[in-house]
file structure-v4.txt (compact mmCIF, C-alpha atoms and all ligand atoms)
# COMPACT_ATOMS: atom_id res chain seq x y z
CA MET A 1 -22.82 -17.32 4.86
CA ILE A 2 -19.01 -17.08 4.85
CA HIS A 3 -16.98 -16.83 8.01
CA ILE A 4 -14.09 -14.42 7.72
CA GLY A 5 -10.96 -13.88 9.78
CA ILE A 6 -9.06 -10.60 9.36
CA VAL A 7 -5.31 -10.22 9.85
CA GLY A 8 -4.34 -6.54 10.11
CA LEU A 9 -6.70 -3.99 11.65
CA GLY A 10 -5.10 -0.80 10.34
CA ALA A 11 -6.44 1.78 7.85
CA ILE A 12 -7.69 -0.59 5.14
CA GLY A 13 -8.39 -3.55 7.46
CA GLN A 14 -10.94 -1.40 9.32
CA ARG A 15 -12.44 -0.13 6.06
CA LEU A 16 -13.15 -3.64 4.78
CA LEU A 17 -14.20 -4.84 8.22
CA ASN A 18 -17.04 -2.28 8.08
CA ARG A 19 -18.08 -3.51 4.65
CA PHE A 20 -18.03 -7.13 5.84
CA MET A 21 -20.16 -6.16 8.86
CA ASP A 22 -22.74 -4.53 6.58
CA HIS A 23 -23.05 -7.63 4.42
CA LEU A 24 -25.81 -10.07 5.34
CA GLU A 25 -24.02 -13.17 4.06
CA VAL A 26 -20.75 -12.55 5.89
CA GLN A 27 -19.78 -13.06 9.49
CA VAL A 28 -16.48 -11.78 10.85
CA VAL A 29 -15.56 -14.55 13.28
CA ALA A 30 -11.94 -13.71 14.14
CA ILE A 31 -9.59 -10.74 14.14
CA CYS A 32 -5.84 -10.45 14.56
CA ASP A 33 -3.31 -7.66 14.89
CA GLN A 34 0.06 -7.47 16.53
CA ILE A 35 -1.15 -4.35 18.38
CA ASP A 36 -3.17 -5.51 21.40
CA SER A 37 -5.20 -2.33 21.77
CA LEU A 38 -6.45 -2.53 18.16
CA VAL A 39 -7.65 -6.08 18.75
CA THR A 40 -9.42 -5.30 22.03
CA GLU A 41 -11.02 -2.06 20.78
CA THR A 42 -12.22 -3.69 17.55
CA ALA A 43 -13.49 -6.76 19.43
CA ALA A 44 -15.46 -4.52 21.79
CA GLU A 45 -17.33 -3.11 18.77
CA LEU A 46 -17.90 -6.50 17.17
CA GLY A 47 -19.02 -8.55 20.14
CA ASN A 48 -18.64 -12.28 19.69
CA VAL A 49 -15.34 -12.68 17.83
CA GLY A 50 -12.11 -14.67 18.24
CA THR A 51 -9.18 -12.41 19.07
CA TYR A 52 -5.58 -13.20 18.20
CA LYS A 53 -2.19 -11.57 18.26
CA LYS A 54 -0.53 -14.16 16.00
CA HIS A 55 -1.86 -14.80 12.51
CA GLN A 56 -1.12 -18.55 12.78
CA GLU A 57 -3.65 -18.81 15.60
CA LEU A 58 -6.36 -17.02 13.62
CA ILE A 59 -5.72 -19.27 10.62
CA ALA A 60 -6.01 -22.36 12.84
CA ASP A 61 -9.40 -21.22 14.22
CA PRO A 62 -11.81 -23.83 12.79
CA LYS A 63 -14.54 -21.19 12.37
CA VAL A 64 -12.46 -19.22 9.85
CA GLU A 65 -13.16 -20.13 6.20
CA LEU A 66 -11.60 -17.13 4.46
CA VAL A 67 -8.71 -14.99 5.68
CA TYR A 68 -8.51 -11.34 4.63
CA VAL A 69 -4.86 -10.24 4.76
CA ALA A 70 -4.46 -6.50 5.40
CA VAL A 71 -0.96 -6.29 6.85
CA PRO A 72 1.84 -4.20 5.24
CA PRO A 73 3.20 -5.57 1.91
CA LYS A 74 6.38 -7.10 3.35
CA ILE A 75 4.32 -9.40 5.56
CA HIS A 76 1.84 -10.56 2.87
CA HIS A 77 4.02 -13.49 1.76
CA GLN A 78 4.43 -14.96 5.23
CA VAL A 79 0.77 -14.65 6.23
CA VAL A 80 -0.74 -15.68 2.88
CA MET A 81 1.58 -18.70 2.63
CA ASP A 82 0.36 -19.88 6.04
CA VAL A 83 -3.27 -19.43 4.93
CA LEU A 84 -2.62 -21.48 1.80
CA GLN A 85 -0.88 -24.21 3.74
CA ALA A 86 -4.01 -24.47 5.87
CA LYS A 87 -6.02 -24.72 2.60
CA LYS A 88 -8.29 -21.81 3.46
CA HIS A 89 -9.63 -19.20 1.03
CA VAL A 90 -7.76 -15.91 0.97
CA LEU A 91 -8.36 -12.29 0.05
CA CYS A 92 -5.06 -10.39 -0.07
CA GLU A 93 -4.47 -6.67 -0.16
CA LYS A 94 -2.51 -5.25 -3.06
CA PRO A 95 0.33 -5.49 -3.93
CA LEU A 96 0.35 -9.30 -3.73
CA ALA A 97 3.83 -9.37 -2.16
CA ASN A 98 7.03 -7.39 -1.83
CA SER A 99 8.98 -8.86 -4.78
CA VAL A 100 8.33 -10.76 -8.00
CA GLU A 101 9.84 -13.90 -6.45
CA GLU A 102 7.45 -13.79 -3.51
CA ALA A 103 4.51 -13.05 -5.80
CA VAL A 104 5.16 -16.00 -8.12
CA GLU A 105 5.55 -18.32 -5.13
CA LEU A 106 2.19 -17.20 -3.76
CA TRP A 107 0.49 -17.63 -7.12
CA LYS A 108 1.89 -21.17 -7.46
CA ALA A 109 0.99 -22.08 -3.87
CA ALA A 110 -2.54 -20.75 -4.36
CA LYS A 111 -3.08 -22.90 -7.45
CA GLU A 112 -1.78 -25.95 -5.61
CA ALA A 113 -3.94 -25.29 -2.54
CA ASN A 114 -7.00 -25.28 -4.82
CA VAL A 115 -8.74 -22.54 -2.82
CA ILE A 116 -10.23 -19.21 -3.83
CA HIS A 117 -7.45 -16.61 -4.01
CA ALA A 118 -8.45 -13.01 -4.64
CA MET A 119 -6.85 -9.58 -4.59
CA ASN A 120 -8.43 -6.36 -3.37
CA PHE A 121 -8.10 -4.19 -6.48
CA PRO A 122 -11.18 -2.00 -5.84
CA LEU A 123 -11.14 -0.05 -9.13
CA ASN A 124 -12.54 -3.16 -10.81
CA TYR A 125 -15.76 -2.71 -8.83
CA ASP A 126 -15.95 1.11 -9.14
CA GLU A 127 -18.46 2.61 -11.56
CA ALA A 128 -16.16 5.34 -12.94
CA ALA A 129 -13.33 2.92 -13.70
CA ILE A 130 -15.77 0.43 -15.24
CA LYS A 131 -17.22 3.18 -17.46
CA PHE A 132 -13.67 4.21 -18.43
CA ALA A 133 -12.96 0.64 -19.59
CA GLU A 134 -16.35 0.38 -21.35
CA LEU A 135 -15.79 3.61 -23.31
CA ILE A 136 -12.28 2.54 -24.32
CA ASN A 137 -13.69 -0.77 -25.55
CA GLN A 138 -16.44 1.11 -27.42
CA ASN A 139 -13.74 3.08 -29.27
CA TYR A 140 -14.74 6.45 -27.70
CA ILE A 141 -11.21 7.85 -28.17
CA GLY A 142 -10.47 6.11 -31.49
CA LYS A 143 -7.05 4.49 -31.67
CA LEU A 144 -4.97 4.96 -28.53
CA ARG A 145 -1.99 7.28 -29.08
CA ARG A 146 -0.69 7.56 -25.54
CA LEU A 147 -1.56 6.38 -22.04
CA GLN A 148 -0.48 8.53 -19.14
CA LEU A 149 -0.53 7.97 -15.39
CA THR A 150 0.00 11.07 -13.27
CA MET A 151 0.45 10.74 -9.50
CA HIS A 152 0.86 14.01 -7.60
CA PHE A 153 0.97 13.99 -3.82
CA PRO A 154 1.81 17.27 -2.08
CA GLU A 155 2.04 15.13 1.05
CA TRP A 156 3.21 11.56 1.07
CA PRO A 157 2.14 9.62 3.10
CA ARG A 158 -1.37 11.00 2.78
CA PRO A 159 -2.97 12.22 6.04
CA TRP A 160 -5.24 9.15 6.30
CA GLN A 161 -2.42 6.64 5.98
CA ARG A 162 0.37 7.95 8.20
CA ASN A 163 2.27 4.79 8.98
CA ALA A 164 6.02 4.28 8.87
CA TRP A 165 6.09 1.56 6.21
CA VAL A 166 4.23 3.57 3.57
CA ALA A 167 6.87 6.31 3.85
CA GLY A 168 9.72 3.79 3.67
CA ARG A 169 11.68 2.54 0.68
CA GLU A 170 11.47 -1.16 1.48
CA GLN A 171 7.70 -1.59 1.13
CA GLY A 172 6.23 1.88 0.67
CA GLY A 173 6.11 4.81 -1.72
CA PHE A 174 3.33 6.01 -4.01
CA VAL A 175 4.52 3.94 -6.99
CA LEU A 176 3.80 0.78 -4.99
CA GLU A 177 0.83 2.01 -3.02
CA VAL A 178 -1.08 3.86 -5.75
CA GLY A 179 0.69 2.95 -8.99
CA VAL A 180 -0.12 -0.75 -8.73
CA HIS A 181 -3.88 -0.07 -9.03
CA PHE A 182 -3.34 1.56 -12.42
CA ILE A 183 -0.78 -1.03 -13.54
CA GLN A 184 -3.50 -3.62 -12.96
CA GLN A 185 -6.07 -1.51 -14.86
CA THR A 186 -3.64 -1.02 -17.74
CA LEU A 187 -2.97 -4.76 -18.02
CA LYS A 188 -6.71 -5.46 -17.91
CA ILE A 189 -7.86 -2.81 -20.39
CA PHE A 190 -4.88 -2.32 -22.71
CA GLY A 191 -2.80 -5.52 -22.39
CA ASP A 192 0.82 -6.14 -21.52
CA ILE A 193 3.38 -3.43 -20.75
CA THR A 194 6.96 -3.73 -22.09
CA ASN A 195 10.14 -1.74 -22.66
CA ILE A 196 10.02 -0.08 -19.25
CA THR A 197 12.59 2.53 -18.34
CA ALA A 198 12.16 4.43 -15.11
CA LYS A 199 13.98 7.10 -13.21
CA LEU A 200 13.12 7.54 -9.56
CA GLU A 201 13.88 10.61 -7.50
CA LEU A 202 15.15 9.21 -4.20
CA PRO A 203 15.88 11.07 -0.97
CA THR A 204 19.40 10.77 0.39
CA ASP A 205 18.05 8.86 3.40
CA PRO A 206 18.14 5.26 2.07
CA ASN A 207 15.18 4.32 4.25
CA LYS A 208 12.81 6.88 2.72
CA CYS A 209 10.65 6.15 -0.32
CA GLU A 210 10.82 7.85 -3.72
CA THR A 211 9.66 11.45 -4.11
CA GLY A 212 9.40 11.29 -7.88
CA ILE A 213 9.22 9.03 -10.91
CA ILE A 214 9.43 9.56 -14.62
CA ALA A 215 8.98 6.34 -16.53
CA SER A 216 8.23 5.37 -20.07
CA ALA A 217 7.01 2.06 -21.38
CA GLU A 218 5.07 0.62 -24.30
CA LEU A 219 2.02 -1.48 -24.91
CA LEU A 220 2.60 -4.50 -27.15
CA ASP A 221 1.74 -2.52 -30.30
CA GLY A 222 4.30 0.15 -29.38
CA THR A 223 1.82 2.70 -27.98
CA PRO A 224 3.72 4.83 -25.46
CA VAL A 225 2.87 4.69 -21.75
CA LEU A 226 4.07 7.58 -19.62
CA ILE A 227 4.21 7.43 -15.82
CA GLU A 228 4.89 10.66 -14.00
CA GLY A 229 4.75 11.12 -10.24
CA LEU A 230 5.91 13.64 -7.67
CA SER A 231 5.47 14.16 -3.95
CA GLN A 232 6.35 16.78 -1.37
CA PHE A 233 5.50 19.98 -3.26
CA ALA A 234 3.06 22.86 -3.02
CA GLY A 235 -0.15 22.05 -4.79
CA LYS A 236 -3.13 19.74 -4.96
CA GLU A 237 -3.24 15.97 -4.84
CA PHE A 238 -4.08 14.64 -8.28
CA ILE A 239 -4.16 11.16 -9.74
CA GLY A 240 -4.95 10.97 -13.44
CA PHE A 241 -5.20 7.94 -15.71
CA THR A 242 -5.53 9.45 -19.16
CA ALA A 243 -5.93 7.84 -22.55
CA TYR A 244 -5.22 10.06 -25.55
CA GLY A 245 -6.69 8.72 -28.78
CA THR A 246 -6.93 9.71 -32.44
CA GLU A 247 -10.51 10.92 -31.86
CA GLY A 248 -10.63 12.04 -28.24
CA ILE A 249 -9.47 11.87 -24.66
CA LEU A 250 -10.72 9.97 -21.66
CA SER A 251 -9.40 10.50 -18.15
CA LEU A 252 -10.16 8.78 -14.86
CA ASP A 253 -9.21 11.43 -12.31
CA ASN A 254 -8.83 11.09 -8.55
CA TRP A 255 -10.19 7.53 -8.63
CA GLY A 256 -13.82 8.39 -9.32
CA GLU A 257 -14.13 11.38 -11.68
CA LEU A 258 -14.47 10.61 -15.34
CA ARG A 259 -13.82 13.27 -17.98
CA GLY A 260 -13.71 13.00 -21.71
CA GLY A 261 -14.07 14.84 -24.98
CA LYS A 262 -13.81 14.36 -28.68
CA ASN A 263 -11.09 16.26 -30.56
CA GLY A 264 -12.12 19.88 -30.97
CA GLU A 265 -14.56 19.74 -28.03
CA LYS A 266 -14.17 20.79 -24.41
CA LEU A 267 -13.48 18.14 -21.79
CA GLN A 268 -16.71 17.19 -20.03
CA VAL A 269 -17.65 15.25 -16.96
CA ILE A 270 -18.95 11.88 -18.10
CA SER A 271 -21.76 10.34 -16.09
CA TYR A 272 -21.57 6.72 -15.03
CA GLU A 273 -24.90 6.43 -13.24
CA THR A 274 -26.13 3.64 -15.47
CA VAL A 275 -23.11 1.40 -14.85
CA GLN A 276 -23.94 -1.84 -13.08
CA SER A 277 -20.97 -2.50 -10.83
CA LYS A 278 -20.33 -5.71 -8.98
CA ASN A 279 -19.32 -5.94 -5.37
CA LEU A 280 -16.13 -7.67 -4.24
CA ILE A 281 -17.84 -9.40 -1.30
CA ASP A 282 -20.72 -10.74 -3.43
CA GLU A 283 -18.21 -12.00 -5.95
CA LEU A 284 -16.14 -13.72 -3.26
CA ILE A 285 -19.24 -15.46 -1.93
CA LYS A 286 -20.13 -16.63 -5.43
CA ALA A 287 -16.60 -17.89 -6.06
CA ILE A 288 -16.53 -19.81 -2.79
CA SER A 289 -19.87 -21.44 -3.57
CA GLY A 290 -18.53 -22.58 -6.93
CA GLN A 291 -20.32 -20.05 -9.12
CA GLN A 292 -18.85 -17.93 -11.90
CA ALA A 293 -17.50 -14.75 -10.25
CA GLU A 294 -15.55 -11.64 -11.08
CA ILE A 295 -12.51 -11.84 -8.87
CA TYR A 296 -8.95 -10.77 -9.59
CA ASP A 297 -6.79 -13.65 -8.53
CA PHE A 298 -3.13 -14.09 -7.62
CA GLU A 299 -2.18 -14.43 -11.28
CA VAL A 300 -3.39 -10.83 -11.72
CA GLY A 301 -1.52 -9.90 -8.52
CA TYR A 302 1.68 -11.53 -9.81
CA LYS A 303 1.48 -9.93 -13.28
CA SER A 304 0.91 -6.50 -11.74
CA GLN A 305 3.85 -7.08 -9.39
CA GLU A 306 6.17 -7.85 -12.32
CA ILE A 307 5.55 -4.39 -13.79
CA LEU A 308 5.58 -2.71 -10.36
CA GLU A 309 9.02 -4.07 -9.51
CA LYS A 310 10.44 -2.86 -12.83
CA LEU A 311 9.29 0.63 -11.90
CA ARG A 312 10.41 0.43 -8.26
CA LYS A 313 13.77 -1.22 -8.67
CA LEU A 314 15.29 0.48 -11.73
N1 LIG A 401 -6.87 -1.85 -1.78
C1 LIG A 401 -6.67 -0.60 -1.40
O1 LIG A 401 -7.29 0.32 -1.93
C2 LIG A 401 -5.68 -0.31 -0.31
C3 LIG A 401 -5.66 0.94 0.35
C4 LIG A 401 -4.74 1.13 1.37
C5 LIG A 401 -3.86 0.12 1.73
N2 LIG A 401 -3.88 -1.07 1.05
C6 LIG A 401 -2.97 -2.18 1.38
O2 LIG A 401 -3.42 -2.77 2.59
C7 LIG A 401 -2.31 -3.21 3.38
C8 LIG A 401 -2.37 -2.55 4.75
O3 LIG A 401 -2.34 -1.14 4.60
P1 LIG A 401 -2.79 -0.16 5.78
O4 LIG A 401 -2.71 1.20 5.22
O5 LIG A 401 -4.05 -0.64 6.38
O6 LIG A 401 -1.57 -0.39 6.80
P2 LIG A 401 -1.58 -0.14 8.40
O7 LIG A 401 -0.15 -0.06 8.79
O8 LIG A 401 -2.52 0.96 8.73
O9 LIG A 401 -2.21 -1.47 8.98
C9 LIG A 401 -1.56 -2.70 8.97
C10 LIG A 401 -1.87 -3.41 10.28
O10 LIG A 401 -1.23 -4.70 10.25
C11 LIG A 401 -0.73 -4.96 11.54
N3 LIG A 401 0.33 -5.96 11.43
C12 LIG A 401 1.57 -5.80 10.92
N4 LIG A 401 2.26 -6.96 10.98
C13 LIG A 401 1.42 -7.87 11.53
C14 LIG A 401 1.55 -9.25 11.85
N5 LIG A 401 2.68 -9.93 11.59
N6 LIG A 401 0.50 -9.87 12.41
C15 LIG A 401 -0.64 -9.21 12.69
N7 LIG A 401 -0.82 -7.90 12.41
C16 LIG A 401 0.20 -7.25 11.83
C17 LIG A 401 -0.27 -3.62 12.05
O11 LIG A 401 -0.16 -3.60 13.46
C18 LIG A 401 -1.35 -2.69 11.52
O12 LIG A 401 -2.39 -2.49 12.45
C19 LIG A 401 -1.06 -2.86 2.58
O13 LIG A 401 -0.70 -3.97 1.80
C20 LIG A 401 -1.54 -1.74 1.65
O14 LIG A 401 -0.80 -1.69 0.45
C21 LIG A 401 -4.79 -1.30 0.07

call {"tool": "encode", "arguments": {"input": "structure-v4.txt", "output": "structure tokens"}}
result
Amino acid sequence: MIHIGIVGLGAIGQRLLNRFMDHLEVQVVAICDQIDSLVTETAAELGNVGTYKKHQELIADPKVELVYVAVPPKIHHQVVMDVLQAKKHVLCEKPLANSVEEAVELWKAAKEANVIHAMNFPLNYDEAAIKFAELINQNYIGKLRRLQLTMHFPEWPRPWQRNAWVAGREQGGFVLEVGVHFIQQTLKIFGDITNITAKLELPTDPNKCETGIIASAELLDGTPVLIEGLSQFAGKEFIGFTAYGTEGILSLDNWGELRGGKNGEKLQVISYETVQSKNLIDELIKAISGQQAEIYDFEVGYKSQEILEKLRKL
């Protein structure tokens, strides 16, 4: 049984809270948010749970073994650093931090604290994304010719995540919020990304996030990587992660739809029913009990942040 404390009870904090509650080997023992009503309403649903307004108090609660950090990106560094200083295990939302400097500090501090440090990069535990990686590794598309990430959001922020920070330039935008998932997948499946040049379309209001990006980069062998994103237009939301190869195409669309085809054939939906996916919570429990586990640690968070900041800050 692991005893979890959650800092941040917003959109994703609530989503993971429900998954923790459904897991037999997890007990949520403490919750924290700076908004009082969120804490009291969530506590009323949970029953016996420590309630805090300040993250330092939740971290100091002796019942808490692992802290799940689900606050906006700018606050990750502060909260996670305090968790590490208390030498408790930590699960942090992506992106790891709000700059490369913060991310490297967290990675170093996590190694020194000698605790389990994990990121919530859910694609790694999703069947469609796992099948995508398996087929690439099985040479389904032949030799990779081009990798393309398309991010189209008629509305940004999306209706389910209407908070001020995600619309802001400092710690929001779809490149940060969505792009980082696919940066991490690219690093995992295809290796390092170099030679990045990016052009952002930015609103005149300096506080508002990008409305477009066109970026090009390369994998280490020179294979081109194209990143194209646009928001605020008439149309349908679409997120595509597409690998074009000498023998075929494979595309992970809208997070969970997999399509592929060999050259000369039509694109087809590819089934991933037989994929055995792991579960983040099971893997965290294994890691904490000293077993081999599939977790994506702060090194992965830091390396993804390095690429993310090159795209965001150019
Ligand atoms: N892994 C994923 O698929 C995924 C999906 C969505 C969001 N996220 C990430 O999760 C994080 C949170 O996103 P969200 O959409 O839930 O944001 P949100 O704004 O809905 O929720 C954040 C919560 O943190 C609270 N908070 C802020 N500062 C705090 C502080 N100092 N102490 C205590 N509470 C504080 C806010 O009051 C709010 O309730 C972000 O880093 C985001 O990038 C990850």

call {"tool": "closest_residue", "arguments": {"input": "structure-v4.txt", "among": "A:Glu299, A:Glu170, A:Asp33, A:Asp253", "to": "ligand LIG 401 (chain A)", "atoms": "all atoms listed in the file"}}
result
A:Asp33

call {"tool": "closest_atom_pairs", "arguments": {"input": "structure-v4.txt", "of": "chain A", "to": "ligand LIG 401 (chain A)", "cutoff": "6 Å", "atoms": "only C-alpha atoms and all ligand atoms", "output": "CSV"}}
result
residue,atom,partner,partner_atom,distance
A:Val7,CA,A:LIG401,C15,5.6
A:Gly8,CA,A:LIG401,O10,3.6
A:Leu9,CA,A:LIG401,O12,4.6
A:Gly10,CA,A:LIG401,O9,3.3
A:Ala11,CA,A:LIG401,O5,3.7
A:Ile12,CA,A:LIG401,O5,3.8
A:Gly13,CA,A:LIG401,O5,5.3
A:Cys32,CA,A:LIG401,C15,5.7
A:Asp33,CA,A:LIG401,N7,3.5
A:Gln34,CA,A:LIG401,N7,4.2
A:Ile35,CA,A:LIG401,O11,5.1
A:Lys54,CA,A:LIG401,N6,5.7
A:His55,CA,A:LIG401,N6,5.5
A:Ala70,CA,A:LIG401,C7,4.4
A:Val71,CA,A:LIG401,O10,3.8
A:Pro72,CA,A:LIG401,C19,4.2
A:Pro73,CA,A:LIG401,O13,4.2
A:Glu93,CA,A:LIG401,O2,4.9
A:Lys94,CA,A:LIG401,O14,5.3
A:Pro95,CA,A:LIG401,O14,5.9
A:Asn120,CA,A:LIG401,N1,5.0
A:Phe121,CA,A:LIG401,N1,5.4
A:Pro122,CA,A:LIG401,N1,5.9
A:Gln161,CA,A:LIG401,O4,5.5
A:Asn163,CA,A:LIG401,O7,5.4
A:Glu177,CA,A:LIG401,O14,5.3

call {"tool": "residues_around", "arguments": {"input": "structure-v4.txt", "residues": "range 254-260 of chain A", "least_positions_apart": "6", "cutoff": "9 Å", "atoms": "all atoms listed in the file", "output": "list in words"}}
result
Leu123, Asp126, Glu127, Ala128, Ala129, Lys131, Phe132, Tyr140, Ile141, Glu237, Phe238, Ile239, Gly240, Phe241, Gly248, Lys266, Leu267, Gln268, Val269, Ile270, Ser271 and Tyr272 of chain A

call {"tool": "closest_residue", "arguments": {"input": "structure-v4.txt", "among": "A:Met21, A:Ile136, A:Val69, A:Val100", "to": "Ala118 in chain A", "atoms": "only C-alpha atoms"}}
result
A:Val69

call {"tool": "atom_distance", "arguments": {"input": "structure-v4.txt", "atom1": "CA of Ser304 in chain A", "atom2": "CA of Glu112 in chain A"}}
result
20.6 Å

call {"tool": "closest_residue", "arguments": {"input": "structure-v4.txt", "among": "A:Thr42, A:Ile281, A:Gly168, A:Thr194", "to": "His3 in chain A", "atoms": "all atoms listed in the file"}}
result
A:Ile281

call {"tool": "atom_distance", "arguments": {"input": "structure-v4.txt", "atom1": "CA of Ala234 in chain A", "atom2": "CA of Glu155 in chain A"}}
result
8.8 Å

call {"tool": "closest_residue", "arguments": {"input": "structure-v4.txt", "among": "A:Thr186, A:Ser289, A:Gly264, A:Gln148", "to": "Leu250 in chain A", "atoms": "only C-alpha atoms"}}
result
A:Gln148

call {"tool": "residues_around", "arguments": {"input": "structure-v4.txt", "residues": "Gly172 in chain A", "least_positions_apart": "4", "cutoff": "12 Å", "atoms": "all atoms listed in the file", "output": "CSV table (one decimal) with C-alpha atoms, in the frame of the given file"}}
result
chain,number,residue,atom,x,y,z
A,72,PRO,CA,1.8,-4.2,5.2
A,73,PRO,CA,3.2,-5.6,1.9
A,74,LYS,CA,6.4,-7.1,3.4
A,94,LYS,CA,-2.5,-5.2,-3.1
A,95,PRO,CA,0.3,-5.5,-3.9
A,97,ALA,CA,3.8,-9.4,-2.2
A,98,ASN,CA,7.0,-7.4,-1.8
A,156,TRP,CA,3.2,11.6,1.1
A,157,PRO,CA,2.1,9.6,3.1
A,161,GLN,CA,-2.4,6.6,6.0
A,162,ARG,CA,0.4,8.0,8.2
A,163,ASN,CA,2.3,4.8,9.0
A,164,ALA,CA,6.0,4.3,8.9
A,165,TRP,CA,6.1,1.6,6.2
A,166,VAL,CA,4.2,3.6,3.6
A,167,ALA,CA,6.9,6.3,3.8
A,168,GLY,CA,9.7,3.8,3.7
A,176,LEU,CA,3.8,0.8,-5.0
A,177,GLU,CA,0.8,2.0,-3.0
A,178,VAL,CA,-1.1,3.9,-5.8
A,179,GLY,CA,0.7,3.0,-9.0
A,180,VAL,CA,-0.1,-0.8,-8.7
A,207,ASN,CA,15.2,4.3,4.2
A,208,LYS,CA,12.8,6.9,2.7
A,209,CYS,CA,10.6,6.2,-0.3
A,210,GLU,CA,10.8,7.8,-3.7
A,211,THR,CA,9.7,11.4,-4.1
A,308,LEU,CA,5.6,-2.7,-10.4
A,312,ARG,CA,10.4,0.4,-8.3

call {"tool": "atom_distance", "arguments": {"input": "structure-v4.txt", "atom1": "CA of Lys143 in chain A", "atom2": "CA of Glu247 in chain A"}}
result
7.3 Å

call {"tool": "closest_residue", "arguments": {"input": "structure-v4.txt", "among": "A:Gly301, A:Gly212, A:Gly261, A:Gly191", "to": "Leu147 in chain A", "atoms": "all atoms listed in the file"}}
result
A:Gly191

call {"tool": "residues_near_point", "arguments": {"input": "structure-v4.txt", "point": "(3.9, -15.2, -7.2)", "cutoff": "12 Å", "atoms": "all atoms listed in the file", "output": "PyMOL selection string"}}
result
chain A and resi 76-77+80-81+95-111+117+297-306

call {"tool": "closest_residue", "arguments": {"input": "structure-v4.txt", "among": "A:Arg19, A:Lys286, A:Lys262, A:Lys278", "to": "Tyr244 in chain A", "atoms": "all atoms listed in the file"}}
result
A:Lys262

call {"tool": "axis_aligned_box", "arguments": {"input": "structure-v4.txt", "around": "range 187-206 of chain A", "padding_each_side": "5 Å", "output": "lines of an AutoDock Vina configuration file"}}
result
center_x = 5.8
center_y = 2.5
center_z = -9.7
size_x = 37.3
size_y = 27.2
size_z = 36.1

call {"tool": "residues_around", "arguments": {"input": "structure-v4.txt", "residues": "Asp192 in chain A", "least_positions_apart": "3", "cutoff": "8 Å", "atoms": "only C-alpha atoms", "output": "list in words"}}
result
Thr186, Leu187, Leu219 and Leu220 of chain A

call {"tool": "residues_around", "arguments": {"input": "structure-v4.txt", "residues": "Phe233 in chain A", "least_positions_apart": "3", "cutoff": "8 Å", "atoms": "only C-alpha atoms", "output": "PyMOL selection string"}}
result
chain A and resi 153-155+230
